[in-house]
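**Student:** What follows is the file query03.csv, containing CSV, C-alpha atoms and all ligand atoms:
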```csv
chain,number,residue,atom,x,y,z
A,24,MET,CA,-45.4,-59.6,46.6
A,25,LYS,CA,-47.8,-59.1,43.7
A,26,SER,CA,-49.2,-55.9,45.0
A,27,LYS,CA,-45.7,-54.5,45.4
A,28,LYS,CA,-45.0,-55.3,41.8
A,29,LEU,CA,-48.3,-53.7,40.8
A,30,THR,CA,-47.5,-50.5,42.8
A,31,ALA,CA,-44.1,-50.4,41.1
A,32,VAL,CA,-45.6,-50.7,37.7
A,33,ILE,CA,-48.2,-48.1,38.4
A,34,GLY,CA,-45.5,-45.9,39.8
A,35,VAL,CA,-43.5,-46.1,36.6
A,36,LEU,CA,-46.6,-45.4,34.6
A,37,VAL,CA,-47.4,-42.3,36.6
A,38,LEU,CA,-43.9,-41.1,36.3
A,39,PHE,CA,-44.0,-41.6,32.6
A,40,LEU,CA,-47.2,-39.7,32.3
A,41,VAL,CA,-45.9,-36.8,34.4
A,42,VAL,CA,-42.7,-36.6,32.4
A,43,SER,CA,-44.4,-36.7,29.0
A,44,PHE,CA,-47.0,-34.2,30.2
A,45,PHE,CA,-44.2,-31.7,31.0
A,46,THR,CA,-42.2,-32.4,27.9
A,47,GLU,CA,-45.3,-31.9,25.8
A,48,LYS,CA,-45.9,-28.6,27.6
A,49,GLN,CA,-42.4,-27.5,26.7
A,50,ASP,CA,-42.9,-28.5,23.1
A,51,GLU,CA,-46.1,-26.4,23.0
A,52,SER,CA,-44.3,-23.4,24.3
A,53,LYS,CA,-41.6,-23.9,21.7
A,54,GLU,CA,-44.2,-23.8,19.0
A,55,GLU,CA,-45.2,-20.4,20.2
A,56,LEU,CA,-41.7,-19.0,19.8
A,57,PRO,CA,-41.4,-16.2,17.2
A,58,THR,CA,-40.0,-17.4,13.9
A,59,VAL,CA,-37.5,-15.5,11.8
A,60,GLY,CA,-37.6,-16.8,8.2
A,61,VAL,CA,-34.3,-16.4,6.3
A,62,LEU,CA,-34.0,-16.8,2.5
A,63,GLN,CA,-30.4,-16.7,1.1
A,64,TYR,CA,-30.1,-16.4,-2.6
A,65,VAL,CA,-27.1,-18.7,-3.0
A,66,SER,CA,-23.9,-19.8,-1.2
A,67,HIS,CA,-20.8,-17.8,-1.6
A,68,PRO,CA,-18.4,-16.5,1.0
A,69,ALA,CA,-19.9,-13.0,1.3
A,70,LEU,CA,-23.5,-14.1,1.7
A,71,ASP,CA,-22.4,-16.9,4.1
A,72,GLU,CA,-20.7,-14.2,6.2
A,73,ILE,CA,-23.8,-12.0,6.1
A,74,TYR,CA,-25.9,-14.9,7.4
A,75,ARG,CA,-23.4,-15.5,10.2
A,76,GLY,CA,-23.7,-11.8,11.1
A,77,ILE,CA,-27.5,-11.9,11.0
A,78,GLN,CA,-27.5,-14.7,13.7
A,79,ASP,CA,-25.1,-12.7,15.9
A,80,GLY,CA,-27.0,-9.5,15.4
A,81,LEU,CA,-30.2,-11.1,16.5
A,82,LYS,CA,-28.4,-12.6,19.5
A,83,GLU,CA,-26.9,-9.3,20.5
A,84,SER,CA,-30.5,-7.9,20.5
A,85,GLY,CA,-31.6,-10.8,22.8
A,86,TYR,CA,-33.0,-13.3,20.2
A,87,GLU,CA,-31.3,-16.6,20.3
A,88,ASP,CA,-32.2,-19.4,17.9
A,89,GLY,CA,-33.7,-22.4,19.7
A,90,LYS,CA,-34.1,-20.5,23.0
A,91,ASN,CA,-36.6,-17.6,22.6
A,92,MET,CA,-36.8,-17.6,18.8
A,93,THR,CA,-36.6,-20.0,15.9
A,94,ILE,CA,-34.8,-19.4,12.7
A,95,ALA,CA,-36.2,-21.1,9.6
A,96,PHE,CA,-33.4,-21.0,7.0
A,97,GLN,CA,-33.6,-21.7,3.3
A,98,ASN,CA,-31.0,-21.4,0.5
A,99,GLY,CA,-32.3,-20.9,-3.0
A,100,GLN,CA,-29.1,-22.1,-4.8
A,101,ALA,CA,-29.5,-19.4,-7.4
A,102,ASP,CA,-32.7,-21.0,-8.7
A,103,GLN,CA,-35.7,-18.7,-9.3
A,104,SER,CA,-38.3,-21.4,-8.9
A,105,LYS,CA,-36.8,-22.6,-5.7
A,106,LEU,CA,-36.8,-19.1,-4.4
A,107,ALA,CA,-40.5,-18.8,-5.1
A,108,THR,CA,-41.4,-22.1,-3.4
A,109,MET,CA,-39.1,-21.4,-0.4
A,110,SER,CA,-40.7,-18.0,0.1
A,111,GLN,CA,-44.1,-19.6,0.3
A,112,GLN,CA,-42.8,-22.3,2.7
A,113,LEU,CA,-41.4,-19.6,5.0
A,114,ILE,CA,-44.8,-17.9,5.0
A,115,ASP,CA,-46.6,-21.2,5.6
A,116,LYS,CA,-44.3,-21.7,8.7
A,117,LYS,CA,-45.9,-18.5,10.0
A,118,ALA,CA,-42.7,-16.5,10.0
A,119,ASP,CA,-43.1,-13.3,12.0
A,120,VAL,CA,-40.3,-11.5,10.2
A,121,LEU,CA,-38.6,-12.5,6.9
A,122,ILE,CA,-35.0,-11.7,5.9
A,123,GLY,CA,-33.9,-11.8,2.3
A,124,ILE,CA,-30.1,-12.2,1.7
A,125,ALA,CA,-29.3,-10.7,-1.8
A,126,THR,CA,-31.6,-9.0,-4.2
A,127,PRO,CA,-33.2,-12.0,-6.0
A,128,ALA,CA,-34.1,-13.6,-2.6
A,129,ALA,CA,-35.6,-10.3,-1.3
A,130,GLN,CA,-37.6,-9.9,-4.5
A,131,ALA,CA,-38.9,-13.5,-4.2
A,132,LEU,CA,-40.1,-12.7,-0.7
A,133,ALA,CA,-41.6,-9.4,-1.7
A,134,ASN,CA,-43.5,-11.1,-4.5
A,135,THR,CA,-45.0,-13.6,-2.0
A,136,THR,CA,-46.2,-11.3,0.8
A,137,ASN,CA,-47.0,-7.6,1.3
A,138,GLU,CA,-48.0,-8.1,5.0
A,139,ILE,CA,-45.2,-9.9,6.8
A,140,PRO,CA,-42.2,-7.5,7.5
A,141,ILE,CA,-39.3,-8.2,5.2
A,142,ILE,CA,-35.7,-7.1,6.2
A,143,LEU,CA,-33.3,-6.6,3.3
A,144,GLY,CA,-30.0,-8.3,3.9
A,145,ALA,CA,-27.3,-6.4,1.9
A,146,ILE,CA,-29.3,-5.2,-1.1
A,147,THR,CA,-27.3,-3.0,-3.5
A,148,ASP,CA,-30.1,-0.6,-4.5
A,149,PRO,CA,-33.6,-1.4,-3.0
A,150,VAL,CA,-35.3,1.3,-5.1
A,151,SER,CA,-34.1,0.1,-8.5
A,152,ALA,CA,-34.8,-3.5,-7.4
A,153,GLY,CA,-38.4,-2.4,-7.0
A,154,LEU,CA,-38.4,-3.3,-3.3
A,155,VAL,CA,-39.1,0.1,-1.7
A,156,ALA,CA,-40.5,3.5,-2.7
A,157,SER,CA,-37.6,5.4,-1.3
A,158,ASN,CA,-34.6,4.6,1.0
A,159,ASP,CA,-35.7,7.2,3.6
A,160,LYS,CA,-39.4,6.2,3.7
A,161,PRO,CA,-39.8,2.6,2.5
A,162,GLY,CA,-43.5,3.0,2.9
A,163,ASP,CA,-44.6,-0.7,3.1
A,164,ASN,CA,-43.6,-3.9,4.8
A,165,ILE,CA,-40.0,-3.7,3.7
A,166,THR,CA,-36.9,-2.1,5.2
A,167,GLY,CA,-33.3,-3.2,5.9
A,168,VAL,CA,-29.7,-2.8,4.9
A,169,SER,CA,-28.1,-1.7,1.7
A,170,ASP,CA,-24.5,-2.7,0.8
A,171,LYS,CA,-24.1,-0.1,-1.8
A,172,SER,CA,-20.4,-0.1,-2.6
A,173,PRO,CA,-18.1,3.0,-2.4
A,174,VAL,CA,-17.5,2.7,-6.1
A,175,ASP,CA,-15.6,6.1,-6.5
A,176,ALA,CA,-13.2,5.1,-3.7
A,177,GLN,CA,-12.7,1.7,-5.3
A,178,PHE,CA,-11.6,3.3,-8.6
A,179,ASP,CA,-9.4,5.8,-6.8
A,180,LEU,CA,-7.6,2.9,-5.2
A,181,ALA,CA,-7.4,1.0,-8.5
A,182,ILE,CA,-5.5,3.8,-10.3
A,183,LYS,CA,-3.2,4.3,-7.3
A,184,LEU,CA,-2.2,0.6,-7.6
A,185,LEU,CA,-2.4,0.5,-11.4
A,186,PRO,CA,-1.2,3.9,-12.5
A,187,LYS,CA,-0.6,2.8,-16.1
A,188,ALA,CA,-4.1,1.4,-16.6
A,189,SER,CA,-6.2,3.1,-19.3
A,190,SER,CA,-9.1,0.7,-19.6
A,191,VAL,CA,-11.4,-1.3,-17.4
A,192,GLY,CA,-13.8,-4.2,-18.2
A,193,ILE,CA,-16.8,-4.5,-15.9
A,194,LEU,CA,-17.9,-8.1,-15.4
A,195,TYR,CA,-21.4,-9.0,-14.2
A,196,SER,CA,-24.4,-11.2,-14.8
A,197,SER,CA,-27.5,-10.1,-16.8
A,198,ALA,CA,-29.7,-11.9,-14.3
A,199,GLU,CA,-29.0,-9.5,-11.4
A,200,GLU,CA,-30.7,-6.2,-11.1
A,201,ASN,CA,-28.3,-5.2,-8.4
A,202,SER,CA,-25.3,-5.4,-10.7
A,203,LYS,CA,-26.8,-3.3,-13.5
A,204,TYR,CA,-27.1,-0.4,-11.1
A,205,GLN,CA,-23.5,-0.8,-9.8
A,206,ALA,CA,-22.1,-1.3,-13.3
A,207,ALA,CA,-23.6,2.0,-14.4
A,208,GLU,CA,-22.0,3.7,-11.3
A,209,ALA,CA,-18.6,2.0,-12.2
A,210,GLU,CA,-18.7,3.3,-15.8
A,211,LYS,CA,-19.3,6.8,-14.5
A,212,ALA,CA,-16.4,6.6,-12.0
A,213,ALA,CA,-14.1,5.1,-14.6
A,214,LYS,CA,-14.8,7.8,-17.1
A,215,ALA,CA,-14.4,10.6,-14.5
A,216,LEU,CA,-10.8,9.3,-14.0
A,217,GLY,CA,-10.1,9.2,-17.8
A,218,LEU,CA,-10.4,5.4,-18.1
A,219,SER,CA,-12.3,3.8,-21.0
A,220,ALA,CA,-14.9,1.4,-19.6
A,221,LYS,CA,-16.7,-1.5,-21.3
A,222,SER,CA,-19.3,-3.9,-19.7
A,223,TYR,CA,-19.0,-7.6,-20.2
A,224,VAL,CA,-22.3,-9.2,-19.3
A,225,VAL,CA,-22.7,-12.9,-18.9
A,226,PRO,CA,-26.1,-14.6,-19.2
A,227,SER,CA,-25.1,-17.4,-16.8
A,228,SER,CA,-22.1,-18.8,-14.9
A,229,ASN,CA,-21.3,-21.1,-17.9
A,230,GLU,CA,-19.9,-18.2,-19.9
A,231,ILE,CA,-17.7,-16.7,-17.2
A,232,ALA,CA,-14.4,-18.5,-18.0
A,233,GLN,CA,-14.5,-17.6,-21.7
A,234,THR,CA,-15.6,-14.0,-21.0
A,235,VAL,CA,-12.7,-13.5,-18.7
A,236,GLN,CA,-10.3,-14.8,-21.4
A,237,VAL,CA,-11.7,-12.2,-23.8
A,238,MET,CA,-11.5,-9.4,-21.3
A,239,SER,CA,-7.9,-10.3,-20.5
A,240,GLY,CA,-7.0,-9.5,-24.1
A,241,GLU,CA,-8.9,-6.3,-24.2
A,242,VAL,CA,-8.7,-4.4,-20.9
A,243,ASP,CA,-6.0,-3.4,-18.4
A,244,PHE,CA,-8.0,-4.6,-15.4
A,245,ILE,CA,-11.3,-6.2,-14.4
A,246,TYR,CA,-13.9,-4.6,-12.1
A,247,ILE,CA,-16.6,-6.7,-10.4
A,248,PRO,CA,-19.7,-5.3,-8.7
A,249,THR,CA,-21.4,-7.2,-5.9
A,250,ASP,CA,-22.7,-9.7,-8.3
A,251,ASN,CA,-23.7,-13.1,-6.8
A,252,THR,CA,-23.2,-15.1,-9.9
A,253,ILE,CA,-19.6,-13.9,-10.3
A,254,ALA,CA,-18.9,-14.1,-6.5
A,255,ASN,CA,-20.0,-17.7,-6.7
A,256,ALA,CA,-17.5,-18.4,-9.5
A,257,MET,CA,-14.7,-16.2,-8.2
A,258,GLN,CA,-12.1,-19.0,-8.3
A,259,THR,CA,-12.7,-19.4,-12.1
A,260,VAL,CA,-12.4,-15.7,-12.6
A,261,VAL,CA,-9.1,-15.5,-10.7
A,262,ASN,CA,-7.7,-18.6,-12.5
A,263,GLU,CA,-8.4,-17.2,-15.9
A,264,ALA,CA,-7.3,-13.7,-15.1
A,265,ASN,CA,-4.0,-14.9,-13.6
A,266,LYS,CA,-3.1,-16.6,-16.8
A,267,THR,CA,-2.5,-13.2,-18.4
A,268,LYS,CA,-1.7,-11.3,-15.2
A,269,THR,CA,-4.8,-9.2,-15.5
A,270,PRO,CA,-5.6,-7.5,-12.1
A,271,ILE,CA,-9.1,-7.8,-10.6
A,272,ILE,CA,-10.7,-5.0,-8.5
A,273,PRO,CA,-13.8,-6.5,-6.9
A,274,SER,CA,-16.1,-4.7,-4.6
A,275,VAL,CA,-16.0,-6.7,-1.4
A,276,ASP,CA,-13.4,-8.0,1.1
A,277,THR,CA,-14.2,-11.6,0.6
A,278,MET,CA,-13.5,-11.5,-3.1
A,279,VAL,CA,-10.1,-9.9,-2.4
A,280,GLU,CA,-9.3,-12.7,-0.1
A,281,GLU,CA,-10.2,-15.1,-2.9
A,282,GLY,CA,-7.6,-13.6,-5.3
A,283,GLY,CA,-8.9,-10.1,-6.2
A,284,LEU,CA,-6.1,-7.4,-6.0
A,285,ALA,CA,-7.7,-4.8,-3.8
A,286,THR,CA,-10.9,-2.9,-2.9
A,287,VAL,CA,-12.5,-0.5,-0.5
A,288,GLY,CA,-15.2,-2.7,0.9
A,289,ILE,CA,-17.9,-2.9,3.5
A,290,ASN,CA,-17.3,-5.7,6.0
A,291,GLN,CA,-19.8,-8.5,5.1
A,292,TYR,CA,-20.2,-9.8,8.6
A,293,GLU,CA,-21.1,-6.3,9.9
A,294,LEU,CA,-23.7,-6.0,7.2
A,295,GLY,CA,-25.3,-9.1,8.6
A,296,VAL,CA,-25.1,-7.9,12.2
A,297,GLN,CA,-26.9,-4.7,11.3
A,298,THR,CA,-29.6,-6.7,9.4
A,299,GLY,CA,-30.1,-9.0,12.4
A,300,LYS,CA,-30.5,-6.0,14.7
A,301,MET,CA,-33.1,-4.4,12.5
A,302,ALA,CA,-35.0,-7.7,12.3
A,303,ALA,CA,-34.9,-7.8,16.1
A,304,ASP,CA,-36.3,-4.3,16.4
A,305,ILE,CA,-39.2,-5.2,14.1
A,306,LEU,CA,-39.8,-8.5,16.0
A,307,SER,CA,-40.0,-6.7,19.3
A,308,GLY,CA,-42.3,-4.0,18.0
A,309,LYS,CA,-39.7,-1.3,18.5
A,310,SER,CA,-39.9,-0.2,14.9
A,311,GLU,CA,-42.0,-0.6,11.8
A,312,PRO,CA,-40.7,-1.2,8.3
A,313,ALA,CA,-42.8,1.5,6.6
A,314,THR,CA,-41.1,4.3,8.7
A,315,THR,CA,-37.6,2.8,9.1
A,316,PRO,CA,-35.1,4.2,6.6
A,317,ILE,CA,-32.8,1.8,4.7
A,318,TYR,CA,-29.5,1.6,6.6
A,319,THR,CA,-26.4,2.4,4.5
A,320,PHE,CA,-22.8,2.2,5.3
A,321,ASN,CA,-20.8,5.2,4.1
A,322,THR,CA,-17.3,4.0,4.8
A,323,GLY,CA,-15.3,1.0,3.7
A,324,ASP,CA,-12.0,-0.6,4.6
A,325,ILE,CA,-9.1,-0.7,2.2
A,326,ILE,CA,-8.1,-4.2,1.7
A,327,ILE,CA,-5.2,-5.4,-0.5
A,328,ASN,CA,-4.1,-9.0,-1.4
A,329,GLU,CA,-0.3,-8.8,-1.0
A,330,GLU,CA,0.4,-12.2,-2.5
A,331,GLN,CA,-1.7,-11.3,-5.6
A,332,ALA,CA,0.1,-7.9,-5.9
A,333,GLN,CA,3.4,-9.8,-6.0
A,334,LYS,CA,2.2,-12.2,-8.6
A,335,LEU,CA,1.0,-9.4,-10.8
A,336,GLY,CA,4.1,-7.3,-10.2
A,337,VAL,CA,2.1,-4.5,-8.6
A,338,VAL,CA,4.0,-2.2,-6.2
A,339,ILE,CA,1.9,-1.1,-3.2
A,340,PRO,CA,2.7,2.5,-2.3
A,341,GLU,CA,4.0,2.7,1.3
A,342,ASN,CA,1.3,5.0,2.6
A,343,LEU,CA,-1.4,2.6,1.3
A,344,LYS,CA,0.4,-0.3,2.9
A,345,LYS,CA,0.1,1.4,6.3
A,346,GLU,CA,-3.6,2.2,5.8
A,347,ALA,CA,-4.8,-1.0,4.3
A,348,LYS,CA,-5.6,-4.4,5.7
A,349,LEU,CA,-3.3,-6.8,3.9
A,350,VAL,CA,-4.3,-10.3,3.2
A,351,GLY,CA,-2.9,-13.3,1.3
A,352,ALA,CA,0.7,-13.0,2.3
A,353,GLU,CA,2.5,-15.6,4.5
A,401,LIG,N1,-25.6,-6.7,-2.9
A,401,LIG,C1,-25.9,-8.0,-3.4
A,401,LIG,C2,-27.4,-8.0,-3.9
A,401,LIG,O1,-28.1,-7.1,-3.7
A,401,LIG,C3,-25.7,-9.1,-2.4
A,401,LIG,C4,-24.3,-9.2,-1.9
A,401,LIG,C5,-23.9,-8.8,-0.7
A,401,LIG,C6,-23.2,-9.6,-2.6
A,401,LIG,N2,-22.5,-9.0,-0.6
A,401,LIG,C7,-22.1,-9.5,-1.8
A,401,LIG,C8,-22.9,-10.1,-3.9
A,401,LIG,C9,-20.8,-9.8,-2.2
A,401,LIG,C10,-21.6,-10.4,-4.3
A,401,LIG,C11,-20.6,-10.3,-3.4
A,401,LIG,O2,-27.8,-9.0,-4.4
```
Would you kindly transcribe this structure into structure tokens?
Ligand code: TRP

**Tutor:**
Amino acid sequence: MKSKKLTAVIGVLVLFLVVSFFTEKQDESKEELPTVGVLQYVSHPALDEIYRGIQDGLKESGYEDGKNMTIAFQNGQADQSKLATMSQQLIDKKADVLIGIATPAAQALANTTNEIPIILGAITDPVSAGLVASNDKPGDNITGVSDKSPVDAQFDLAIKLLPKASSVGILYSSAEENSKYQAAEAEKAAKALGLSAKSYVVPSSNEIAQTVQVMSGEVDFIYIPTDNTIANAMQTVVNEANKTKTPIIPSVDTMVEEGGLATVGINQYELGVQTGKMAADILSGKSEPATTPIYTFNTGDIIINEEQAQKLGVVIPENLKKEAKLVGAE
């Protein structure tokens, strides 16, 4: 009897040892999976879509989180010191490839390493942000995707929808290098169409509501670059502008969905997919950052918020209606 019990106990022990040996083995192999470190600047619908696209782009290229690769994700919540610490944390985790979503995140990563490859996730202008030497030949450890907006097409669309407009106010945050570049482009485009243009620069999100109130009294419509601070407060901008029926022409689809009137925009999800694919190619050794040109999109989709058009009393020309993706109407 006793010996039978003993055998049973020993049997269980052996089984336990065997099982734990194998699970440990598995854990060990997991540790060796390549790591993709992702740093997102802040949460707003466009950047969230980009991150979703990045995961799918990696997957389409054969890298699935938890299976044959690990994603280490951090969100800096628009805080410069968090961005710096998080960049260091991703490097401490031995990330094989880093992805920066939005300019301030990419800059934080670039300040932390010049060895680990960095893939830019939707950076307006990598050169003026000091990230690469040139878009064609980045030269160092950085390449990726630019989401440079089709600004001229956006202004062409604006005056088709708002033919009586004679002035535009450009709203952006002084903290973002990416917006300065695009605001200058917007001023040029506006002037070429005979519009007067004035920039309204907010030092932080606290001044947005009041600035939009001022703009509403001074300009015929508001233009918004791909500015993360403004995108993060889009609801506030829309609420204030709607009080005086001032139309908003933003530069991305997600901001039209949130109450902007219309834009010609690059699909944010697709930006992410492209970023994920480029990260996969670097990870697999297919390409190297120094010799991989920055990927740019040269077309955008026309997107119009029909409900907002009705609210503002804007008539959408029939030909545009056919061409555009309409959102916001029941
Ligand atoms: N281009 C922005 C940057 O360089 C990031 C960005 C991508 C963005 N899509 C956006 C900002 C949409 C605002 C709205 O930082």

**Student:** Neighbouring residues of range 219-231 of chain A were defined as those with any atom within 10 Å, considering only C-alpha atoms; residues of the same chain fewer than 3 positions away were excluded. Please report them as a ChimeraX atom specification.

**Tutor:** /A:188-199,202-203,206-207,209-216,234-238,241-243,245-246,252-253,255-257,259-260,263

**Student:** Interatomic distance between CA of Leu56 in chain A and CA of Arg75 in chain A?

**Tutor:**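 Computing the Euclidean distance for CA of Leu56 in chain A and CA of Arg75 in chain A yields 21.0 Å.
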
**Student:** Just want the residues within 9 Å of ligand LIG 401 (chain A), written as a PyMOL selection string, counting all atoms listed in the file.

**Tutor:** chain A and resi 64+67-70+72-73+124-129+143-149+152+169-172+199-202+247-255+273-278+289+291+294

**Student:** Return the single residue from A:Gly167, A:Pro161, A:Gly323, A:Gly308 that is closest to Leu121 in chain A, with distances computed using all atoms listed in the file.

**Tutor:**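 Among the listed residues, A:Gly167 lies closest to Leu121 in chain A.
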
**Student:** Closest to Asp88 in chain A among A:Ala285, A:Ile122, A:Val59, A:Ala332, using all atoms listed in the file?

**Tutor:**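 Closest candidate: A:Val59.
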
**Student:** Kindly indicate which residue among A:Gln297, A:Gln78, A:Gln331, A:Thr319 lies nearest to Pro270 in chain A, using all atoms listed in the file for the distances.

**Tutor:**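 When distances to Pro270 in chain A are compared using all atoms listed in the file, the smallest one comes from A:Gln331.
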
**Student:** How many Å lie between CA of Gly89 in chain A and CA of Leu132 in chain A, rounded to one decimal?

**Tutor:**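 Computed distance, CA of Gly89 in chain A to CA of Leu132 in chain A, equals 23.5 Å.
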
**Student:** I want to know what sits within 7 Å of Thr298 in chain A, based on all atoms listed in the file, with residues of the same chain fewer than 2 positions away left out; could you give that as a short mmCIF file (atom, residue, chain, number, x, y, z; two decimals) with C-alpha atoms, keeping the file's coordinate frame?

**Tutor:**
```cif
data_model
loop_
_atom_site.label_atom_id
_atom_site.label_comp_id
_atom_site.auth_asym_id
_atom_site.auth_seq_id
_atom_site.Cartn_x
_atom_site.Cartn_y
_atom_site.Cartn_z
CA ILE A 77 -27.50 -11.90 11.00
CA ILE A 142 -35.70 -7.10 6.20
CA GLY A 144 -30.00 -8.30 3.90
CA GLY A 167 -33.30 -3.20 5.90
CA VAL A 168 -29.70 -2.80 4.90
CA LEU A 294 -23.70 -6.00 7.20
CA GLY A 295 -25.30 -9.10 8.60
CA VAL A 296 -25.10 -7.90 12.20
CA LYS A 300 -30.50 -6.00 14.70
CA MET A 301 -33.10 -4.40 12.50
CA ALA A 302 -35.00 -7.70 12.30
#
```

**Student:** Compare A:Asp71, A:Asp163, A:Asp175, A:Asp304 by their minimum atom-to-atom distance to Asn137 in chain A, counting only C-alpha atoms, and give me the closest one.

**Tutor:**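 Distance minimum relative to Asn137 in chain A lands on A:Asp163.
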
**Student:** What's the 10 Å shell around Gln103 in chain A, counting all atoms listed in the file, without same-chain residues fewer than 2 positions away, as a VMD selection string?

**Tutor:** chain A and resid 64 99 to 101 105 to 109 127 to 128 131

**Student:** Rounded to one decimal place, report the CA of Gln233 in chain A-CA of Val279 in chain A distance in Å.

**Tutor:**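 Here the two named atoms are 21.2 Å from each other.
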
**Student:** If you count only C-alpha atoms, which residues fall within 7 Å of Thr166 in chain A, apart from same-chain ones fewer than 6 positions away, as a PyMOL selection string?

**Tutor:** chain A and resi 141-143+312+315-317

**Student:** Write the selection just made, keeping C-alpha atoms, as an mmCIF file, in the frame of the given file?

**Tutor:**
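Below you can see result-v5.cif, which holds the result:
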```cif
data_model
loop_
_atom_site.group_PDB
_atom_site.id
_atom_site.type_symbol
_atom_site.label_atom_id
_atom_site.label_comp_id
_atom_site.auth_asym_id
_atom_site.auth_seq_id
_atom_site.Cartn_x
_atom_site.Cartn_y
_atom_site.Cartn_z
ATOM 1 C CA ILE A 141 -39.300 -8.200 5.200
ATOM 2 C CA ILE A 142 -35.700 -7.100 6.200
ATOM 3 C CA LEU A 143 -33.300 -6.600 3.300
ATOM 4 C CA PRO A 312 -40.700 -1.200 8.300
ATOM 5 C CA THR A 315 -37.600 2.800 9.100
ATOM 6 C CA PRO A 316 -35.100 4.200 6.600
ATOM 7 C CA ILE A 317 -32.800 1.800 4.700
#
```

**Student:** Given the choices A:Ala347, A:Val150, A:Tyr86, A:Val174, which gets closest to Glu329 in chain A if the distance is worked out from all atoms listed in the file?

**Tutor:** A:Ala347

**Student:** I'd like to know which of A:Gln97, A:Asn91, A:Thr286, A:Ser84 is closest to Val61 in chain A, using only C-alpha atoms.

**Tutor:**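 Looking at the shortest contact to Val61 in chain A, the residue is A:Gln97.
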
**Student:** Find the residues with any atom within 9 Å of (-5.6, -10.7, -14.0); use all atoms listed in the file and the coordinates as given in the file, and write the answer as a compact mmCIF listing (two decimals) with C-alpha atoms, keeping the file's coordinate frame.

**Tutor:**
```
# COMPACT_ATOMS: atom_id res chain seq x y z
CA VAL A 235 -12.70 -13.50 -18.70
CA SER A 239 -7.90 -10.30 -20.50
CA ASP A 243 -6.00 -3.40 -18.40
CA PHE A 244 -8.00 -4.60 -15.40
CA ILE A 245 -11.30 -6.20 -14.40
CA VAL A 260 -12.40 -15.70 -12.60
CA VAL A 261 -9.10 -15.50 -10.70
CA ASN A 262 -7.70 -18.60 -12.50
CA GLU A 263 -8.40 -17.20 -15.90
CA ALA A 264 -7.30 -13.70 -15.10
CA ASN A 265 -4.00 -14.90 -13.60
CA LYS A 266 -3.10 -16.60 -16.80
CA THR A 267 -2.50 -13.20 -18.40
CA LYS A 268 -1.70 -11.30 -15.20
CA THR A 269 -4.80 -9.20 -15.50
CA PRO A 270 -5.60 -7.50 -12.10
CA ILE A 271 -9.10 -7.80 -10.60
CA GLY A 283 -8.90 -10.10 -6.20
CA LEU A 284 -6.10 -7.40 -6.00
CA LEU A 335 1.00 -9.40 -10.80
```

**Student:** Neighbouring residues of Lys116 in chain A were defined as those with any atom within 10 Å, considering all atoms listed in the file; residues of the same chain fewer than 5 positions away were excluded. Please report them as a list in words.

**Tutor:** Thr58, Val59, Gly60, Ala95 and Gln111 of chain A
